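So the structure is just underneath, and the comments pick up after that.
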Amino acid sequence: MKGHLIDTNIFIRLLTEDDPEQAAASKDFIARVMAGKVNAYVTVAVVLEIVWTLSSYYKLSRDDISDKLTLLLNTKKLAVENRDVVEEAVEYYRSVPIDFADCYNAAYAKLIGDAVVLSYDKDFDKLKGIKRVEP
């Protein structure tokens, strides 16, 4: 299925409205996606970059970032890579103070079955339903 891959900065403009002209153009594009006029795709790398940018540059809270990601995920005509894993990662991120990448990896471990993460990072111990083991 042909379409457009949406880069991080489009979502940042849309979610922060820090550049009114680019925010308006981004909103118009997403409206076309929602209307089914164009196919659009979002990679996990873009989601990770959105979280990093909103937290480090814009200094948004975890709750605000989680709300914005949920808004993005609720745009059902937007094809988000591993949407179900990203949705689970957002819930982890909202409730536990660990990096979003770790939240994503924990959610992926849960998806593949055993919910076991091989890691020395003890942050994984904070996640209910996830078992961290060391080699």
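For the structure tokens, the naming scheme is as follows: chains receive sequential letters (A, B, ...) according to their order of presentation, residues are indexed from 1 within each chain, and ligands are indexed from 1 in presentation order.
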
Practice item. List every residue of stretch 14-126 of chain A that DSSP, applied to the backbone, labels as strand (DSSP E or B), and write the result as a list in words. Key: Ala40, Tyr41, Val42, Leu78, Ala79, Val80, Val116, Val117 and Leu118 of chain A

For the residues selected in the previous step, produce a file with N, CA and C atoms as a PDB file, in the first residue's frame.
```pdb
ATOM      1  N   ALA A  40      -0.832   7.042   5.436  1.00  0.00           N
ATOM      2  CA  ALA A  40       0.322   7.570   6.156  1.00  0.00           C
ATOM      3  C   ALA A  40       0.793   6.560   7.188  1.00  0.00           C
ATOM      4  N   TYR A  41       2.100   6.549   7.401  1.00  0.00           N
ATOM      5  CA  TYR A  41       2.747   5.557   8.251  1.00  0.00           C
ATOM      6  C   TYR A  41       3.662   6.233   9.265  1.00  0.00           C
ATOM      7  N   VAL A  42       3.729   5.622  10.449  1.00  0.00           N
ATOM      8  CA  VAL A  42       4.591   6.112  11.524  1.00  0.00           C
ATOM      9  C   VAL A  42       5.409   4.933  12.041  1.00  0.00           C
ATOM     10  N   LEU A  78      -4.178   6.246  10.660  1.00  0.00           N
ATOM     11  CA  LEU A  78      -2.735   6.411  10.648  1.00  0.00           C
ATOM     12  C   LEU A  78      -2.120   5.056  10.992  1.00  0.00           C
ATOM     13  N   ALA A  79      -1.313   4.527  10.097  1.00  0.00           N
ATOM     14  CA  ALA A  79      -0.705   3.209  10.313  1.00  0.00           C
ATOM     15  C   ALA A  79       0.537   3.366  11.186  1.00  0.00           C
ATOM     16  N   VAL A  80       0.415   2.942  12.436  1.00  0.00           N
ATOM     17  CA  VAL A  80       1.525   3.035  13.382  1.00  0.00           C
ATOM     18  C   VAL A  80       2.173   1.655  13.498  1.00  0.00           C
ATOM     19  N   VAL A 116       9.714 -11.685  29.494  1.00  0.00           N
ATOM     20  CA  VAL A 116      11.019 -11.748  30.141  1.00  0.00           C
ATOM     21  C   VAL A 116      11.978 -10.860  29.354  1.00  0.00           C
ATOM     22  N   VAL A 117      12.696 -10.002  30.089  1.00  0.00           N
ATOM     23  CA  VAL A 117      13.684  -9.118  29.479  1.00  0.00           C
ATOM     24  C   VAL A 117      15.049  -9.471  30.053  1.00  0.00           C
ATOM     25  N   LEU A 118      15.986  -9.747  29.184  1.00  0.00           N
ATOM     26  CA  LEU A 118      17.358 -10.016  29.597  1.00  0.00           C
ATOM     27  C   LEU A 118      18.075  -8.673  29.679  1.00  0.00           C
TER      28      LEU A 118
END
```

Practice item. Identify, on the basis of only C-alpha atoms, every residue whose closest approach to A:Ala107 does not exceed 8 Å; exclude the query and any residue fewer than 5 positions from it along the same chain; express the result as a VMD selection string. Key: chain A and resid 85 to 86 88 to 89 115

Check your understanding: Hey, what's within 10 Å of stretch 63-71 of chain A if we count only C-alpha atoms and toss same-chain stuff fewer than 2 positions away? As a list in words, please?
Key -> Phe11, Ile12, Leu14, Leu15, Thr16, Val47, Ile50, Val51, Trp52, Thr53, Leu54, Ser55, Lys59, Leu60, Ser61, Leu73, Asn74, Thr75, Lys76, Val86, Glu87, Ala89, Val90, Glu91, Tyr92, Tyr93, Arg94 and Ser95 of chain A

Point to revise | Residues flagged helix (DSSP H, G or I) by DSSP in chain A, as JSON, numbers by chain | key: {"A": [8, 9, 10, 11, 12, 13, 14, 15, 16, 20, 21, 22, 23, 24, 25, 26, 27, 28, 29, 30, 31, 32, 33, 34, 44, 45, 46, 47, 48, 49, 50, 51, 52, 53, 54, 55, 56, 62, 63, 64, 65, 66, 67, 68, 69, 70, 71, 72, 73, 83, 84, 85, 86, 87, 88, 89, 90, 91, 92, 93, 94, 95, 100, 101, 102, 103, 104, 105, 106, 107, 108, 109, 110, 111, 122, 123, 124, 125, 126]}

Check your understanding: When you draw a straight line from atom CA of A:Val38 to atom CA of A:Tyr108, how long is it in Å?
Key -> 28.8 Å

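The spacing separating atom CA of A:Met34 from atom CA of A:Ile6 amounts to 13.9 Å.
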
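For the pair atom CA of A:Asp28 and atom CA of A:Thr8, the interatomic distance is 16.1 Å.
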
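Nearest to A:Leu5 of all the residues A:Gly36, A:Ser56, A:Phe29, A:Asp123 is A:Phe29, based on only C-alpha atoms.
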